[in-house]
file my_file.cif (mmCIF, C-alpha atoms)
data_work
#
loop_
_atom_site.group_PDB
_atom_site.id
_atom_site.type_symbol
_atom_site.label_atom_id
_atom_site.label_comp_id
_atom_site.auth_asym_id
_atom_site.auth_seq_id
_atom_site.Cartn_x
_atom_site.Cartn_y
_atom_site.Cartn_z
ATOM 1 C CA MET A 1 135.320 -13.555 118.864
ATOM 2 C CA PRO A 2 137.946 -14.475 116.256
ATOM 3 C CA ALA A 3 137.953 -17.995 114.876
ATOM 4 C CA ASN A 4 140.998 -19.880 113.656
ATOM 5 C CA ALA A 5 141.309 -20.794 110.014
ATOM 6 C CA GLN A 6 143.987 -21.652 107.485
ATOM 7 C CA VAL A 7 144.634 -20.303 103.997
ATOM 8 C CA VAL A 8 145.527 -23.318 101.857
ATOM 9 C CA GLY A 9 144.747 -21.985 98.378
ATOM 10 C CA LYS A 10 144.695 -18.727 96.454
ATOM 11 C CA VAL A 11 142.853 -16.066 98.471
ATOM 12 C CA GLU A 12 142.940 -12.487 97.206
ATOM 13 C CA TYR A 13 141.671 -9.105 98.298
ATOM 14 C CA ARG A 14 141.718 -5.671 96.736
ATOM 15 C CA ALA A 15 142.997 -2.629 98.615
ATOM 16 C CA GLY A 16 140.942 0.260 97.273
ATOM 17 C CA ASP A 17 141.123 0.489 93.500
ATOM 18 C CA GLY A 18 144.542 -1.170 93.361
ATOM 19 C CA PRO A 19 145.505 -4.607 92.109
ATOM 20 C CA SER A 20 144.507 -7.839 93.835
ATOM 21 C CA ILE A 21 146.801 -8.858 96.686
ATOM 22 C CA VAL A 22 147.299 -12.511 97.624
ATOM 23 C CA ILE A 23 146.992 -13.543 101.268
ATOM 24 C CA PRO A 24 149.897 -15.930 101.942
ATOM 25 C CA PRO A 25 149.190 -19.544 102.900
ATOM 26 C CA GLY A 26 149.093 -20.101 106.630
ATOM 27 C CA PRO A 27 147.043 -19.406 109.734
ATOM 28 C CA ILE A 28 144.555 -16.540 109.838
ATOM 29 C CA GLU A 29 142.057 -15.197 112.342
ATOM 30 C CA VAL A 30 138.542 -14.647 111.051
ATOM 31 C CA GLN A 31 135.878 -12.491 112.625
ATOM 32 C CA LEU A 32 132.483 -12.963 110.973
ATOM 33 C CA SER A 33 129.547 -10.586 110.881
ATOM 34 C CA PHE A 34 126.314 -10.732 108.877
ATOM 35 C CA ASP A 35 127.819 -8.938 105.855
ATOM 36 C CA SER A 36 131.609 -9.337 106.070
ATOM 37 C CA ALA A 37 134.540 -11.393 107.266
ATOM 38 C CA VAL A 38 137.581 -9.639 108.738
ATOM 39 C CA LEU A 39 140.759 -11.641 108.108
ATOM 40 C CA SER A 40 144.002 -11.039 110.027
ATOM 41 C CA TRP A 41 147.371 -12.721 109.457
ATOM 42 C CA GLY A 42 151.040 -12.214 110.166
ATOM 43 C CA ASP A 43 153.245 -11.127 107.292
ATOM 44 C CA GLU A 44 156.964 -10.686 107.956
ATOM 45 C CA GLY A 45 156.388 -9.745 111.590
ATOM 46 C CA ALA A 46 153.539 -7.304 110.916
ATOM 47 C CA VAL A 47 149.840 -8.035 111.290
ATOM 48 C CA GLN A 48 147.809 -7.503 108.117
ATOM 49 C CA THR A 49 144.013 -7.135 108.104
ATOM 50 C CA THR A 50 141.363 -6.972 105.417
ATOM 51 C CA ALA A 51 137.593 -7.277 105.188
ATOM 52 C CA LEU A 52 135.876 -9.422 102.568
ATOM 53 C CA PRO A 53 132.181 -9.472 101.725
ATOM 54 C CA ILE A 54 130.655 -12.495 103.452
ATOM 55 C CA ALA A 55 129.674 -14.084 100.107
ATOM 56 C CA GLU A 56 133.282 -13.893 98.894
ATOM 57 C CA TYR A 57 134.568 -15.420 102.137
ATOM 58 C CA GLN A 58 131.997 -18.237 101.903
ATOM 59 C CA ARG A 59 133.076 -18.889 98.298
ATOM 60 C CA TYR A 60 136.716 -19.288 99.386
ATOM 61 C CA VAL A 61 135.593 -21.738 102.102
ATOM 62 C CA ALA A 62 133.385 -23.689 99.651
ATOM 63 C CA GLU A 63 136.259 -23.886 97.134
ATOM 64 C CA GLY A 64 138.624 -25.154 99.858
ATOM 65 C CA ALA A 65 141.004 -22.160 99.704
ATOM 66 C CA ILE A 66 140.191 -21.371 103.345
ATOM 67 C CA VAL A 67 139.806 -24.188 105.847
ATOM 68 C CA GLU A 68 137.957 -23.198 109.019
ATOM 69 C CA GLY A 69 138.848 -24.618 112.398
ATOM 70 C CA LYS A 70 142.620 -24.792 111.847
ATOM 71 C CA GLY A 71 145.243 -22.440 113.072
#

call {"tool": "encode", "arguments": {"input": "my_file.cif", "output": "structure tokens"}}
result
Amino acid sequence: MPANAQVVGKVEYRAGDGPSIVIPPGPIEVQLSFDSAVLSWGDEGAVQTTALPIAEYQRYVAEGAIVEGKG
């Protein structure tokens, strides 16, 4: 079940071999599994989704760039 979280710092992901893309500050939905975190957010009326390795997601949380429990 998705959990609410908030992007409050610089959070990036890479689409394929392309450049890093910044997830805009604001509310996100997070769905955690043992090896990844799927992040979903609204961007100009369209829903965007990406998967991050769980270690990368946990690093963003530890650094304070993602705050869990807010939406």

call {"tool": "atom_distance", "arguments": {"input": "my_file.cif", "atom1": "atom CA of A:Ala5", "atom2": "atom CA of A:Pro19"}}
result
24.5 Å

call {"tool": "resolve_selection", "arguments": {"input": "my_file.cif", "expression": "the PyMOL selection byres ((chain A and resi 25-38) around 8)", "output": "JSON, numbers by chain"}}
result
{"A": [1, 2, 3, 4, 5, 6, 7, 8, 9, 10, 23, 24, 39, 40, 41, 42, 49, 50, 51, 52, 53, 54, 55, 57, 70, 71]}

call {"tool": "atom_distance", "arguments": {"input": "my_file.cif", "atom1": "atom CA of A:Glu56", "atom2": "atom CA of A:Tyr13"}}
result
9.7 Å

call {"tool": "atom_distance", "arguments": {"input": "my_file.cif", "atom1": "atom CA of A:Ala15", "atom2": "atom CA of A:Ala65"}}
result
19.7 Å

call {"tool": "resolve_selection", "arguments": {"input": "my_file.cif", "expression": "the PyMOL selection byres ((chain A and resi 22) around 6)", "output": "list in words"}}
result
Val11, Glu12, Ile21 and Ile23 of chain A

call {"tool": "axis_aligned_box", "arguments": {"input": "my_file.cif", "around": "stretch 55-58 of chain A", "padding_each_side": "5 Å", "output": "AutoDock Vina command-line options"}}
result
--center_x 132.1 --center_y -16.1 --center_z 100.5 --size_x 14.9 --size_y 14.3 --size_z 13.2

call {"tool": "decode", "arguments": {"input": "my_file.cif", "residues": "stretch 29-42 of chain A", "atoms": "all heavy atoms", "output": "compact mmCIF listing (two decimals), in the first residue's frame"}}
result
# COMPACT_ATOMS: atom_id res chain seq x y z
N GLU A 29 3.90 9.63 -3.52
CA GLU A 29 3.48 8.35 -2.95
C GLU A 29 4.65 7.40 -3.10
O GLU A 29 5.32 7.38 -4.14
CB GLU A 29 2.26 7.81 -3.68
CG GLU A 29 0.99 8.53 -3.35
CD GLU A 29 -0.24 7.85 -3.91
OE1 GLU A 29 -0.10 6.90 -4.70
OE2 GLU A 29 -1.33 8.27 -3.55
N VAL A 30 4.90 6.62 -2.07
CA VAL A 30 6.01 5.68 -2.06
C VAL A 30 5.47 4.29 -1.79
O VAL A 30 4.69 4.09 -0.85
CB VAL A 30 7.05 6.05 -0.97
CG1 VAL A 30 8.19 5.06 -0.98
CG2 VAL A 30 7.54 7.47 -1.16
N GLN A 31 5.88 3.35 -2.62
CA GLN A 31 5.55 1.95 -2.39
C GLN A 31 6.87 1.20 -2.24
O GLN A 31 7.68 1.15 -3.18
CB GLN A 31 4.73 1.38 -3.54
CG GLN A 31 4.23 -0.01 -3.24
CD GLN A 31 3.19 -0.47 -4.26
OE1 GLN A 31 2.91 0.21 -5.23
NE2 GLN A 31 2.64 -1.63 -4.01
N LEU A 32 7.11 0.66 -1.05
CA LEU A 32 8.37 0.00 -0.74
C LEU A 32 8.29 -1.50 -0.94
O LEU A 32 7.26 -2.12 -0.66
CB LEU A 32 8.77 0.28 0.71
CG LEU A 32 8.99 1.74 1.09
CD1 LEU A 32 9.24 1.85 2.59
CD2 LEU A 32 10.14 2.33 0.30
N SER A 33 9.39 -2.07 -1.44
CA SER A 33 9.56 -3.51 -1.46
C SER A 33 10.95 -3.79 -0.89
O SER A 33 11.66 -2.87 -0.50
CB SER A 33 9.41 -4.08 -2.87
OG SER A 33 10.49 -3.68 -3.70
N PHE A 34 11.36 -5.04 -0.85
CA PHE A 34 12.64 -5.38 -0.23
C PHE A 34 13.84 -4.81 -0.99
O PHE A 34 14.89 -4.58 -0.41
CB PHE A 34 12.78 -6.89 -0.04
CG PHE A 34 13.05 -7.64 -1.33
CD1 PHE A 34 14.34 -7.97 -1.70
CD2 PHE A 34 12.01 -7.99 -2.17
CE1 PHE A 34 14.58 -8.65 -2.88
CE2 PHE A 34 12.24 -8.67 -3.34
CZ PHE A 34 13.53 -8.99 -3.71
N ASP A 35 13.70 -4.55 -2.30
CA ASP A 35 14.86 -4.08 -3.06
C ASP A 35 14.67 -2.75 -3.78
O ASP A 35 15.60 -2.24 -4.38
CB ASP A 35 15.28 -5.14 -4.09
CG ASP A 35 14.23 -5.38 -5.17
OD1 ASP A 35 13.07 -4.93 -5.00
OD2 ASP A 35 14.57 -6.02 -6.18
N SER A 36 13.44 -2.18 -3.72
CA SER A 36 13.22 -0.92 -4.43
C SER A 36 12.11 -0.10 -3.77
O SER A 36 11.35 -0.60 -2.95
CB SER A 36 12.87 -1.18 -5.89
OG SER A 36 11.62 -1.84 -5.98
N ALA A 37 12.08 1.16 -4.17
CA ALA A 37 11.01 2.07 -3.77
C ALA A 37 10.45 2.69 -5.04
O ALA A 37 11.20 3.24 -5.85
CB ALA A 37 11.55 3.16 -2.85
N VAL A 38 9.14 2.55 -5.25
CA VAL A 38 8.49 3.15 -6.40
C VAL A 38 7.89 4.48 -5.95
O VAL A 38 7.08 4.52 -5.02
CB VAL A 38 7.40 2.23 -6.97
CG1 VAL A 38 6.66 2.90 -8.12
CG2 VAL A 38 8.01 0.91 -7.43
N LEU A 39 8.32 5.57 -6.59
CA LEU A 39 7.88 6.91 -6.26
C LEU A 39 6.94 7.40 -7.36
O LEU A 39 7.24 7.24 -8.54
CB LEU A 39 9.06 7.87 -6.15
CG LEU A 39 9.90 7.84 -4.87
CD1 LEU A 39 10.46 6.48 -4.57
CD2 LEU A 39 11.00 8.86 -4.95
N SER A 40 5.82 8.00 -6.96
CA SER A 40 4.87 8.58 -7.90
C SER A 40 4.55 10.00 -7.45
O SER A 40 4.40 10.26 -6.26
CB SER A 40 3.57 7.78 -7.93
OG SER A 40 3.82 6.44 -8.29
N TRP A 41 4.42 10.92 -8.42
CA TRP A 41 4.12 12.31 -8.11
C TRP A 41 3.42 12.94 -9.30
O TRP A 41 3.51 12.45 -10.42
CB TRP A 41 5.40 13.08 -7.75
CG TRP A 41 6.35 13.23 -8.90
CD1 TRP A 41 6.48 14.31 -9.73
CD2 TRP A 41 7.31 12.29 -9.36
NE1 TRP A 41 7.43 14.09 -10.68
CE2 TRP A 41 7.98 12.84 -10.48
CE3 TRP A 41 7.68 11.00 -8.97
CZ2 TRP A 41 8.97 12.17 -11.17
CZ3 TRP A 41 8.66 10.33 -9.67
CH2 TRP A 41 9.30 10.92 -10.74
N GLY A 42 2.74 14.03 -9.04
CA GLY A 42 2.07 14.77 -10.10
C GLY A 42 3.02 15.82 -10.66
O GLY A 42 3.72 16.49 -9.91
